[in-house]
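Peer 1: model.pdb is reproduced in full below (PDB, C-alpha atoms).
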```pdb
ATOM      1  CA  MET A  10      14.903  19.589   1.394
ATOM      2  CA  LEU A  11      11.761  21.639   1.628
ATOM      3  CA  THR A  12      11.948  25.355   1.976
ATOM      4  CA  LYS A  13       9.866  27.142   4.550
ATOM      5  CA  TYR A  14       7.766  28.501   1.686
ATOM      6  CA  GLU A  15       6.618  25.083   0.479
ATOM      7  CA  ARG A  16       6.704  22.900   3.553
ATOM      8  CA  ASP A  17       3.366  23.872   5.113
ATOM      9  CA  GLY A  18       1.341  21.313   3.181
ATOM     10  CA  HIS A  19       4.116  18.730   3.288
ATOM     11  CA  GLU A  20       4.603  19.040   7.042
ATOM     12  CA  LYS A  21       0.896  18.636   7.667
ATOM     13  CA  LYS A  22       1.009  15.319   5.786
ATOM     14  CA  ASN A  23       4.132  14.139   7.595
ATOM     15  CA  LYS A  24       3.695  15.844  10.953
ATOM     16  CA  GLY A  25       3.415  12.616  12.924
ATOM     17  CA  MET A  26       6.576  11.139  11.448
ATOM     18  CA  LYS A  27       8.718  14.230  11.836
ATOM     19  CA  GLN A  28       7.512  15.552  15.156
ATOM     20  CA  ASP A  29       7.113  12.463  17.288
ATOM     21  CA  GLY A  30       9.812  10.246  15.802
ATOM     22  CA  SER A  31       7.320   7.591  14.643
ATOM     23  CA  HIS A  32       9.899   6.223  12.240
ATOM     24  CA  ASP A  33      12.193   5.501  15.203
ATOM     25  CA  LYS A  34       9.299   4.041  17.195
ATOM     26  CA  MET A  35       8.433   1.678  14.331
ATOM     27  CA  ARG A  36      11.997   0.504  13.858
ATOM     28  CA  GLU A  37      12.508  -1.582  17.014
ATOM     29  CA  PRO A  38       9.312  -3.668  17.108
ATOM     30  CA  LEU A  39       9.522  -4.360  13.381
ATOM     31  CA  ALA A  40      13.224  -5.288  13.548
ATOM     32  CA  ILE A  41      12.346  -7.973  16.093
ATOM     33  CA  VAL A  42      10.160  -9.702  13.489
ATOM     34  CA  GLY A  43      12.675  -9.206  10.675
ATOM     35  CA  ILE A  44      11.165  -6.143   9.005
ATOM     36  CA  GLY A  45      13.510  -3.290   8.183
ATOM     37  CA  VAL A  46      12.476   0.362   8.272
ATOM     38  CA  SER A  47      14.131   3.087   6.229
ATOM     39  CA  ILE A  48      13.367   6.780   5.988
ATOM     40  CA  VAL A  49      14.242   8.476   2.707
ATOM     41  CA  TYR A  50      15.255  12.101   2.172
ATOM     42  CA  PRO A  51      15.001  12.416  -1.619
ATOM     43  CA  PRO A  52      16.435  15.329  -3.579
ATOM     44  CA  ASP A  53      14.438  17.141  -6.265
ATOM     45  CA  THR A  54      13.485  14.316  -8.592
ATOM     46  CA  ASP A  55      12.484  14.673 -12.237
ATOM     47  CA  THR A  56       8.894  13.439 -12.022
ATOM     48  CA  PRO A  57       5.491  14.621 -13.243
ATOM     49  CA  GLN A  58       4.730  15.633  -9.637
ATOM     50  CA  LEU A  59       7.690  18.035  -9.531
ATOM     51  CA  VAL A  60       6.658  19.481 -12.904
ATOM     52  CA  GLU A  61       3.193  20.202 -11.495
ATOM     53  CA  GLU A  62       4.567  21.611  -8.231
ATOM     54  CA  SER A  63       6.862  23.907 -10.206
ATOM     55  CA  LYS A  64       3.869  25.572 -11.862
ATOM     56  CA  THR A  65       2.759  27.060  -8.550
ATOM     57  CA  LYS A  66       6.058  27.163  -6.666
ATOM     58  CA  PRO A  67       6.720  30.585  -5.116
ATOM     59  CA  GLU A  68       9.543  32.604  -6.696
ATOM     60  CA  GLU A  69      11.403  32.440  -3.386
ATOM     61  CA  THR A  70      11.385  28.648  -3.492
ATOM     62  CA  LYS A  71      12.459  28.587  -7.129
ATOM     63  CA  ALA A  72      15.438  30.777  -6.255
ATOM     64  CA  MET A  73      16.346  28.623  -3.244
ATOM     65  CA  THR A  74      16.313  25.402  -5.221
ATOM     66  CA  ALA A  75      17.805  26.781  -8.452
ATOM     67  CA  SER A  76      21.284  25.454  -7.731
ATOM     68  CA  ALA A  77      20.124  22.027  -6.559
ATOM     69  CA  LYS A  78      20.925  19.115  -8.823
ATOM     70  CA  MET A  79      17.864  17.526 -10.419
ATOM     71  CA  TRP A  80      17.959  13.757 -10.068
ATOM     72  CA  SER A  81      16.317  11.250 -12.379
ATOM     73  CA  ALA A  82      13.682   9.024 -10.814
ATOM     74  CA  GLU A  83      15.769   6.016 -11.839
ATOM     75  CA  ASP A  84      18.875   7.300 -10.002
ATOM     76  CA  VAL A  85      16.900   8.098  -6.849
ATOM     77  CA  ALA A  86      15.233   4.669  -6.960
ATOM     78  CA  ALA A  87      18.628   2.965  -7.386
ATOM     79  CA  LYS A  88      20.007   4.799  -4.316
ATOM     80  CA  ILE A  89      16.923   3.845  -2.296
ATOM     81  CA  VAL A  90      17.192   0.173  -3.275
ATOM     82  CA  LYS A  91      20.937   0.180  -2.528
ATOM     83  CA  GLY A  92      20.275   1.743   0.897
ATOM     84  CA  ILE A  93      17.582  -0.806   1.694
ATOM     85  CA  ASP A  94      19.851  -3.657   0.560
ATOM     86  CA  LYS A  95      22.545  -2.365   2.934
ATOM     87  CA  GLY A  96      20.017  -2.136   5.777
ATOM     88  CA  LYS A  97      20.385   1.643   6.094
ATOM     89  CA  PHE A  98      17.874   3.450   8.261
ATOM     90  CA  ALA A  99      18.376   6.926   6.752
ATOM     91  CA  ILE A 100      18.693   7.031   2.967
ATOM     92  CA  ALA A 101      19.716  10.415   1.588
ATOM     93  CA  PRO A 102      20.793  10.411  -2.081
ATOM     94  CA  GLY A 103      23.450  13.004  -2.886
ATOM     95  CA  TRP A 104      25.897  14.830  -0.662
ATOM     96  CA  GLU A 105      23.517  17.729   0.037
ATOM     97  CA  MET A 106      20.732  15.520   1.320
ATOM     98  CA  ALA A 107      23.181  13.294   3.216
ATOM     99  CA  ALA A 108      24.688  16.328   4.951
ATOM    100  CA  LEU A 109      21.249  17.605   5.932
ATOM    101  CA  ALA A 110      20.103  14.176   7.100
ATOM    102  CA  HIS A 111      23.169  13.683   9.289
ATOM    103  CA  PHE A 112      23.997  17.229  10.369
ATOM    104  CA  GLY A 113      20.656  19.018   9.961
ATOM    105  CA  SER A 114      20.462  20.528  13.406
ATOM    106  CA  THR A 115      24.021  21.820  13.128
ATOM    107  CA  LEU A 116      23.585  23.162   9.600
ATOM    108  CA  ARG A 117      20.101  24.603  10.097
ATOM    109  CA  PRO A 118      21.182  28.128  11.186
ATOM    110  CA  MET A 119      23.532  28.440   8.201
ATOM    111  CA  VAL A 120      20.942  27.081   5.758
ATOM    112  CA  HIS A 121      18.225  29.395   7.078
ATOM    113  CA  SER A 122      20.555  32.389   6.893
ATOM    114  CA  GLY A 123      21.303  31.595   3.258
ATOM    115  CA  TRP A 124      17.627  31.142   2.475
ATOM    116  CA  ASP A 125      16.768  34.440   4.171
ATOM    117  CA  LYS A 126      19.286  36.246   1.953
ATOM    118  CA  ILE A 127      17.808  34.653  -1.168
ATOM    119  CA  VAL A 128      14.254  35.568  -0.104
ATOM    120  CA  THR A 129      15.273  39.168   0.562
ATOM    121  CA  LYS A 130      16.915  39.408  -2.864
ATOM    122  CA  VAL A 131      13.873  37.950  -4.676
ATOM    123  CA  ARG A 132      11.449  40.210  -2.830
ATOM    124  CA  LYS A 133      13.533  43.352  -3.483
ATOM    125  CA  ALA A 134      13.686  42.460  -7.186
ATOM    126  CA  ARG A 135       9.910  41.958  -7.257
ATOM    127  CA  GLU A 136       9.300  45.371  -5.622
ATOM    128  CA  GLN A 137      11.339  47.207  -8.245
TER     129      GLN A 137
END
```
Re-express the file's structure as structure tokens.
Peer 2:
Amino acid sequence: MLTKYERDGHEKKNKGMKQDGSHDKMREPLAIVGIGVSIVYPPDTDTPQLVEESKTKPEETKAMTASAKMWSAEDVAAKIVKGIDKGKFAIAPGWEMAALAHFGSTLRPMVHSGWDKIVTKVRKAREQ
């Protein structure tokens, strides 16, 4: 799950997929020829990329993701392979990511409210 403080660059890369439902549009024609399509919603994964991102991650984002479980790359890969083997379209390792993948639009107001409280707390602490 990306916070609103780190998603700008990520959304620009994935704008087509997220905004126009390209993953859904690809699914049907590829299924006809026997090709499966899955979309993955990975949790924070212990990789060199995350280590590098963490060096410049805003304090607000660090606070928002502090309680999230860090997954090993091996565990995430195993969940992805298992999901593909089962023919799943949406693969979301962990209960948090699964809840957001399945109930995102319902949970969004609650998640944003929680994030706003965390951001306010971090910014007040920084001002003092």
Peer 1: Residues of segment 34-80 of chain A that approach segment 111-130 of chain A to 12 Å or less, counting only C-alpha atoms: could you list each one with the shortest pair of atoms and its distance in Å to one decimal, rows by chain and increasing residue number, as CSV?
Peer 2:
```
residue,atom,partner,partner_atom,distance
A:Tyr50,CA,A:His111,CA,10.8
A:Pro67,CA,A:Val128,CA,10.3
A:Glu68,CA,A:Val128,CA,8.6
A:Glu69,CA,A:Val128,CA,5.4
A:Thr70,CA,A:Val128,CA,8.2
A:Lys71,CA,A:Ile127,CA,10.0
A:Ala72,CA,A:Ile127,CA,6.8
A:Met73,CA,A:Trp124,CA,6.4
A:Thr74,CA,A:Trp124,CA,9.7
A:Ala75,CA,A:Ile127,CA,10.7
A:Ser76,CA,A:Ile127,CA,11.8
```
Peer 1: Return as a PyMOL selection string the set of residues that the PyMOL selection byres ((chain A and resi 55) around 6) yields on the displayed structure.
Peer 2: chain A and resi 54+56+80-82
Peer 1: Pick out the closest residue to Trp104 of chain A from this set: A:Ala77, A:Val60, A:Ile41, A:Ile89. Count all atoms listed in the file.
Peer 2: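 Closest candidate: A:Ala77.
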Peer 1: Ranking A:Glu136, A:Leu109, A:Pro102, A:Ser63 by minimum distance to Val49 of chain A and counting only C-alpha atoms, which one comes first?
Peer 2: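 The shortest atom-to-atom distance to Val49 of chain A comes from A:Pro102.
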Peer 1: With all atoms listed in the file as the basis for distance, which of A:Ala108, A:Gly43, A:Glu61, A:Gln137 is at the shortest distance from Gly96 of chain A?
Peer 2: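 Distance minimum relative to Gly96 of chain A lands on A:Gly43.
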Peer 1: Please, what distance in Å, to one decimal, runs between atom CA of Pro51 of chain A and atom CA of Arg36 of chain A?
Peer 2: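 One can read the atom CA of Pro51 of chain A to atom CA of Arg36 of chain A distance as 19.8 Å.
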Peer 1: Just say which residues the PyMOL selection byres ((chain A and resi 100) around 9) picks in this file, as a ChimeraX atom specification.
Peer 2: /A:47-51,88-89,92-93,97-99,101-102,106-107,110
Peer 1: Would you put the residues from that selection into a file with C-alpha atoms, as a PDB file, in the frame of the given file?
Peer 2:
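Written output follows (out-v2.pdb):
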```pdb
ATOM      1  CA  SER A  47      14.131   3.087   6.229  1.00  0.00           C
ATOM      2  CA  ILE A  48      13.367   6.780   5.988  1.00  0.00           C
ATOM      3  CA  VAL A  49      14.242   8.476   2.707  1.00  0.00           C
ATOM      4  CA  TYR A  50      15.255  12.101   2.172  1.00  0.00           C
ATOM      5  CA  PRO A  51      15.001  12.416  -1.619  1.00  0.00           C
ATOM      6  CA  LYS A  88      20.007   4.799  -4.316  1.00  0.00           C
ATOM      7  CA  ILE A  89      16.923   3.845  -2.296  1.00  0.00           C
ATOM      8  CA  GLY A  92      20.275   1.743   0.897  1.00  0.00           C
ATOM      9  CA  ILE A  93      17.582  -0.806   1.694  1.00  0.00           C
ATOM     10  CA  LYS A  97      20.385   1.643   6.094  1.00  0.00           C
ATOM     11  CA  PHE A  98      17.874   3.450   8.261  1.00  0.00           C
ATOM     12  CA  ALA A  99      18.376   6.926   6.752  1.00  0.00           C
ATOM     13  CA  ALA A 101      19.716  10.415   1.588  1.00  0.00           C
ATOM     14  CA  PRO A 102      20.793  10.411  -2.081  1.00  0.00           C
ATOM     15  CA  MET A 106      20.732  15.520   1.320  1.00  0.00           C
ATOM     16  CA  ALA A 107      23.181  13.294   3.216  1.00  0.00           C
ATOM     17  CA  ALA A 110      20.103  14.176   7.100  1.00  0.00           C
TER      18      ALA A 110
END
```
